[in-house]
file structure36.cif (mmCIF, C-alpha atoms)
data_structure
loop_
_atom_site.label_atom_id
_atom_site.label_comp_id
_atom_site.auth_asym_id
_atom_site.auth_seq_id
_atom_site.Cartn_x
_atom_site.Cartn_y
_atom_site.Cartn_z
CA MET A 10 -27.37 52.07 -61.80
CA TYR A 11 -27.90 50.59 -65.21
CA ALA A 12 -31.42 50.04 -66.52
CA ASP A 13 -31.24 46.26 -66.13
CA GLU A 14 -30.14 46.69 -62.51
CA LEU A 15 -32.98 49.11 -61.84
CA LEU A 16 -35.48 46.63 -63.28
CA LYS A 17 -34.22 43.91 -60.94
CA ASN A 18 -34.87 46.21 -58.00
CA LYS A 19 -38.19 44.70 -56.97
CA GLY A 20 -40.63 47.05 -55.41
CA GLY A 21 -39.69 50.28 -57.13
CA LEU A 22 -36.84 52.67 -56.58
CA PHE A 23 -38.04 54.22 -53.35
CA LYS A 24 -38.53 52.11 -50.24
CA LEU A 25 -39.38 53.28 -46.75
CA LYS A 26 -38.62 51.47 -43.50
CA ILE A 27 -41.15 52.13 -40.74
CA VAL A 28 -40.44 51.01 -37.18
CA LEU A 29 -43.86 50.25 -35.74
CA ALA A 30 -42.98 50.99 -32.12
CA ASP A 31 -42.32 54.60 -33.15
CA ALA A 32 -46.09 55.04 -33.37
CA PHE A 33 -46.30 55.05 -29.59
CA ASP A 34 -45.02 57.39 -26.88
CA PRO A 35 -42.70 55.70 -24.36
CA GLU A 36 -43.60 58.38 -21.79
CA VAL A 37 -47.20 57.09 -21.61
CA SER A 38 -47.42 53.85 -19.61
CA GLU A 39 -50.16 52.27 -21.76
CA GLU A 40 -48.24 53.08 -24.91
CA LYS A 41 -44.96 51.82 -23.43
CA ALA A 42 -46.62 48.43 -23.08
CA MET A 43 -47.42 48.52 -26.81
CA ILE A 44 -43.80 49.34 -27.61
CA ASP A 45 -42.72 46.31 -25.62
CA GLU A 46 -45.24 44.10 -27.46
CA LEU A 47 -44.04 45.30 -30.85
CA LYS A 48 -40.72 43.48 -30.61
CA ASN A 49 -39.65 40.26 -32.23
CA PRO A 50 -39.40 37.81 -29.29
CA GLU A 51 -36.46 35.98 -30.87
CA THR A 52 -34.27 39.05 -31.44
CA ASN A 53 -35.92 41.66 -29.18
CA ASP A 54 -35.66 44.05 -32.15
CA PRO A 55 -38.61 46.34 -32.78
CA TYR A 56 -40.88 45.14 -35.55
CA TYR A 57 -40.54 47.04 -38.80
CA ILE A 58 -41.91 46.95 -42.30
CA VAL A 59 -40.39 48.23 -45.52
CA LEU A 60 -42.88 49.57 -48.04
CA ARG A 61 -42.30 50.09 -51.73
CA GLU A 62 -43.49 53.09 -53.63
CA LEU A 63 -46.55 52.91 -55.84
CA THR A 64 -46.06 51.95 -59.46
CA ALA A 65 -46.88 54.55 -62.11
CA THR A 66 -50.32 53.00 -62.66
CA GLU A 67 -51.03 52.87 -58.92
CA THR A 68 -49.90 56.47 -58.56
CA MET A 69 -52.32 57.60 -61.26
CA GLU A 70 -55.16 55.69 -59.58
CA TYR A 71 -54.21 57.29 -56.26
CA MET A 72 -54.09 60.77 -57.76
CA ASP A 73 -57.45 60.28 -59.48
CA ALA A 74 -59.17 59.04 -56.32
CA GLU A 75 -61.24 61.25 -54.06
CA ASP A 76 -59.49 62.19 -50.82
CA LYS A 77 -61.75 59.92 -48.78
CA ASP A 78 -60.99 56.97 -51.08
CA ARG A 79 -57.21 57.32 -50.96
CA VAL A 80 -56.79 55.82 -47.50
CA ALA A 81 -58.96 52.84 -48.45
CA MET A 82 -56.93 52.37 -51.63
CA LEU A 83 -53.63 52.41 -49.74
CA GLN A 84 -55.04 50.12 -47.10
CA ALA A 85 -56.09 47.59 -49.76
CA LYS A 86 -52.65 47.72 -51.42
CA LEU A 87 -50.63 47.59 -48.23
CA PRO A 88 -50.06 43.80 -48.10
CA GLU A 89 -48.51 43.81 -51.59
CA MET A 90 -46.51 46.95 -50.86
CA ILE A 91 -44.63 45.30 -47.99
CA VAL A 92 -41.29 44.24 -49.48
CA GLU A 93 -39.55 43.39 -46.22
CA HIS A 94 -40.38 42.92 -42.54
CA ASN A 95 -39.03 41.17 -39.47
CA PHE A 96 -42.21 39.50 -38.22
CA SER A 97 -42.02 35.80 -37.52
CA LYS A 98 -44.53 33.15 -36.51
CA SER A 99 -44.32 31.18 -33.28
CA ASP A 100 -42.58 28.34 -35.17
CA GLY A 101 -39.74 30.74 -36.07
CA LYS A 102 -40.63 30.95 -39.75
CA PRO A 103 -41.20 34.36 -41.35
CA ALA A 104 -44.78 35.61 -41.29
CA ASP A 105 -46.37 36.29 -44.66
CA ASN A 106 -47.45 39.78 -45.67
CA GLY A 107 -51.10 38.94 -45.06
CA ALA A 108 -50.38 38.17 -41.41
CA VAL A 109 -48.31 41.35 -41.05
CA TYR A 110 -51.17 43.35 -42.52
CA LYS A 111 -53.62 41.74 -40.06
CA VAL A 112 -51.40 42.90 -37.19
CA LEU A 113 -51.45 46.44 -38.58
CA ASP A 114 -55.18 46.32 -39.24
CA SER A 115 -55.89 45.12 -35.70
CA SER A 116 -54.82 48.54 -34.43
CA GLY A 117 -56.35 51.59 -36.04
CA SER A 118 -53.62 53.73 -34.47
CA LEU A 119 -50.85 51.59 -35.90
CA LEU A 120 -52.38 51.35 -39.37
CA LEU A 121 -53.01 55.09 -39.59
CA TYR A 122 -49.46 55.76 -38.40
CA VAL A 123 -48.03 53.56 -41.16
CA LEU A 124 -50.20 55.15 -43.84
CA GLU A 125 -49.43 58.66 -42.61
CA ILE A 126 -45.66 58.13 -42.47
CA TRP A 127 -45.66 56.40 -45.84
CA GLY A 128 -47.75 59.14 -47.45
CA LYS A 129 -45.68 61.99 -46.04
CA ARG A 130 -42.31 60.56 -47.01
CA LEU A 131 -42.96 59.59 -50.59
CA PRO A 132 -40.87 61.78 -52.89
CA LEU A 133 -43.92 62.65 -55.01
CA ALA A 134 -45.97 63.64 -51.97
CA ARG A 135 -43.15 65.80 -50.60
CA ARG A 136 -42.72 67.49 -53.96
CA MET A 137 -46.45 68.16 -54.29
CA LEU A 138 -46.60 69.55 -50.76
CA LYS A 139 -43.66 71.83 -51.46
CA ALA A 140 -45.25 73.03 -54.72
CA SER A 141 -48.57 73.78 -53.04
CA ALA A 142 -46.80 75.74 -50.27
CA GLU A 143 -45.10 77.93 -52.87
#

call {"tool": "encode", "arguments": {"input": "structure36.cif", "output": "structure tokens"}}
result
Amino acid sequence: MYADELLKNKGGLFKLKIVLADAFDPEVSEEKAMIDELKNPETNDPYYIVLRELTATETMEYMDAEDKDRVAMLQAKLPEMIVEHNFSKSDGKPADNGAVYKVLDSSGSLLLYVLEIWGKRLPLARRMLKASAE
């Protein structure tokens, strides 16, 4: 891509799609019920979010933060990091990122799953993990 095309690419170069129902085990009856709830009633497709990578400034803030503060930092940034989702309101209009975040925040399991998947799959995180293993 040319530089001007890269700059038009809102939300950074790296984006990650996370299917929320994947946080739960379909073999466990209570969790299967959650999987069924995490579907768009209009399309019956599982809900998903697409997260952007951190900007350079955000990455530096993240790297400088204490381990215990990193989750809180990501949690605070999550609504603005959502660049796409398939949540809709009961009137059929798309839900805003704040509403999507409230859904995630209403379930500690779901929010931690999103943060864990996002953190593990970032290219920088994978590279750092590989370097520390060597």

call {"tool": "resolve_selection", "arguments": {"input": "structure36.cif", "expression": "the PyMOL selection byres ((chain A and resi 26) around 10)", "output": "PDB file with C-alpha atoms, keeping the file's coordinate frame"}}
result
ATOM      1  CA  LYS A  24     -38.530  52.110 -50.240  1.00  0.00           C
ATOM      2  CA  LEU A  25     -39.380  53.280 -46.750  1.00  0.00           C
ATOM      3  CA  ILE A  27     -41.150  52.130 -40.740  1.00  0.00           C
ATOM      4  CA  VAL A  28     -40.440  51.010 -37.180  1.00  0.00           C
ATOM      5  CA  LEU A  29     -43.860  50.250 -35.740  1.00  0.00           C
ATOM      6  CA  TYR A  57     -40.540  47.040 -38.800  1.00  0.00           C
ATOM      7  CA  ILE A  58     -41.910  46.950 -42.300  1.00  0.00           C
ATOM      8  CA  VAL A  59     -40.390  48.230 -45.520  1.00  0.00           C
ATOM      9  CA  LEU A  60     -42.880  49.570 -48.040  1.00  0.00           C
ATOM     10  CA  ARG A  61     -42.300  50.090 -51.730  1.00  0.00           C
ATOM     11  CA  ILE A  91     -44.630  45.300 -47.990  1.00  0.00           C
ATOM     12  CA  VAL A  92     -41.290  44.240 -49.480  1.00  0.00           C
ATOM     13  CA  GLU A  93     -39.550  43.390 -46.220  1.00  0.00           C
ATOM     14  CA  HIS A  94     -40.380  42.920 -42.540  1.00  0.00           C
ATOM     15  CA  VAL A 123     -48.030  53.560 -41.160  1.00  0.00           C
ATOM     16  CA  ILE A 126     -45.660  58.130 -42.470  1.00  0.00           C
ATOM     17  CA  TRP A 127     -45.660  56.400 -45.840  1.00  0.00           C
TER      18      TRP A 127
END

call {"tool": "resolve_selection", "arguments": {"input": "structure36.cif", "expression": "the PyMOL selection byres ((chain A and resi 32) around 8)", "output": "list in words"}}
result
Val28, Leu29, Ala30, Asp31, Phe33, Asp34, Ser118, Leu119 and Tyr122 of chain A

call {"tool": "closest_residue", "arguments": {"input": "structure36.cif", "among": "A:Leu83, A:Leu47, A:Ala12, A:Leu120", "to": "A:Thr68", "atoms": "all atoms listed in the file"}}
result
A:Leu83

call {"tool": "atom_distance", "arguments": {"input": "structure36.cif", "atom1": "atom CA of A:Gly117", "atom2": "atom CA of A:Val80"}}
result
12.2 Å

call {"tool": "atom_distance", "arguments": {"input": "structure36.cif", "atom1": "atom CA of A:Glu67", "atom2": "atom CA of A:Phe23"}}
result
14.2 Å

call {"tool": "residues_near_point", "arguments": {"input": "structure36.cif", "point": "(-40.5, 41.1, -35.2)", "cutoff": "8 Å", "atoms": "all atoms listed in the file", "output": "ChimeraX atom specification"}}
result
/A:47-57,94-97

call {"tool": "atom_distance", "arguments": {"input": "structure36.cif", "atom1": "atom CA of A:Leu87", "atom2": "atom CA of A:Pro35"}}
result
26.4 Å

call {"tool": "closest_residue", "arguments": {"input": "structure36.cif", "among": "A:Leu131, A:Leu63, A:Met10, A:Ala85", "to": "A:Gly107", "atoms": "all atoms listed in the file"}}
result
A:Ala85

call {"tool": "closest_residue", "arguments": {"input": "structure36.cif", "among": "A:Leu15, A:Leu22, A:Leu124, A:Ala108", "to": "A:Met82", "atoms": "only C-alpha atoms"}}
result
A:Leu124

call {"tool": "decode", "arguments": {"input": "structure36.cif", "residues": "stretch 45-68 of chain A", "atoms": "N, CA and C atoms", "output": "tab-separated table (two decimals), in the first residue's frame"}}
result
chain	number	residue	atom	x	y	z
A	45	ASP	N	-25.78	-18.99	22.98
A	45	ASP	CA	-27.04	-18.70	22.29
A	45	ASP	C	-27.46	-17.24	22.48
A	46	GLU	N	-27.17	-16.66	23.65
A	46	GLU	CA	-27.52	-15.26	23.91
A	46	GLU	C	-26.63	-14.30	23.14
A	47	LEU	N	-25.43	-14.73	22.81
A	47	LEU	CA	-24.47	-13.85	22.15
A	47	LEU	C	-24.59	-13.92	20.63
A	48	LYS	N	-25.83	-13.88	20.16
A	48	LYS	CA	-26.10	-13.87	18.73
A	48	LYS	C	-27.00	-12.70	18.40
A	49	ASN	N	-26.76	-12.12	17.25
A	49	ASN	CA	-27.59	-11.03	16.78
A	49	ASN	C	-28.96	-11.62	16.42
A	50	PRO	N	-30.05	-11.16	17.07
A	50	PRO	CA	-31.36	-11.76	16.82
A	50	PRO	C	-31.87	-11.58	15.39
A	51	GLU	N	-31.39	-10.57	14.71
A	51	GLU	CA	-31.84	-10.34	13.33
A	51	GLU	C	-31.17	-11.30	12.35
A	52	THR	N	-29.90	-11.60	12.57
A	52	THR	CA	-29.14	-12.42	11.62
A	52	THR	C	-28.80	-13.81	12.15
A	53	ASN	N	-28.92	-13.98	13.46
A	53	ASN	CA	-28.52	-15.21	14.17
A	53	ASN	C	-27.01	-15.46	14.08
A	54	ASP	N	-26.26	-14.45	13.65
A	54	ASP	CA	-24.80	-14.56	13.61
A	54	ASP	C	-24.24	-14.27	15.00
A	55	PRO	N	-23.18	-14.94	15.38
A	55	PRO	CA	-22.56	-14.64	16.68
A	55	PRO	C	-22.06	-13.19	16.70
A	56	TYR	N	-22.21	-12.55	17.84
A	56	TYR	CA	-21.69	-11.20	17.99
A	56	TYR	C	-20.17	-11.23	17.90
A	57	TYR	N	-19.62	-10.20	17.29
A	57	TYR	CA	-18.17	-10.06	17.21
A	57	TYR	C	-17.81	-8.60	17.37
A	58	ILE	N	-16.56	-8.38	17.69
A	58	ILE	CA	-16.00	-7.04	17.68
A	58	ILE	C	-14.68	-7.11	16.91
A	59	VAL	N	-14.31	-6.01	16.31
A	59	VAL	CA	-13.00	-5.88	15.68
A	59	VAL	C	-12.28	-4.77	16.42
A	60	LEU	N	-11.11	-5.10	16.93
A	60	LEU	CA	-10.32	-4.13	17.69
A	60	LEU	C	-9.12	-3.69	16.86
A	61	ARG	N	-8.79	-2.43	16.98
A	61	ARG	CA	-7.58	-1.89	16.34
A	61	ARG	C	-6.40	-2.08	17.27
A	62	GLU	N	-5.23	-1.95	16.70
A	62	GLU	CA	-4.04	-1.98	17.54
A	62	GLU	C	-3.88	-0.63	18.24
A	63	LEU	N	-3.03	-0.61	19.23
A	63	LEU	CA	-2.71	0.65	19.90
A	63	LEU	C	-1.90	1.54	18.97
A	64	THR	N	-2.05	2.84	19.14
A	64	THR	CA	-1.18	3.76	18.42
A	64	THR	C	0.21	3.69	19.06
A	65	ALA	N	1.18	4.35	18.46
A	65	ALA	CA	2.53	4.36	19.02
A	65	ALA	C	2.53	4.97	20.42
A	66	THR	N	1.81	6.06	20.61
A	66	THR	CA	1.75	6.71	21.92
A	66	THR	C	1.10	5.79	22.94
A	67	GLU	N	-0.02	5.15	22.55
A	67	GLU	CA	-0.70	4.24	23.46
A	67	GLU	C	0.19	3.04	23.81
A	68	THR	N	0.94	2.57	22.83
A	68	THR	CA	1.83	1.44	23.07
A	68	THR	C	2.89	1.81	24.10
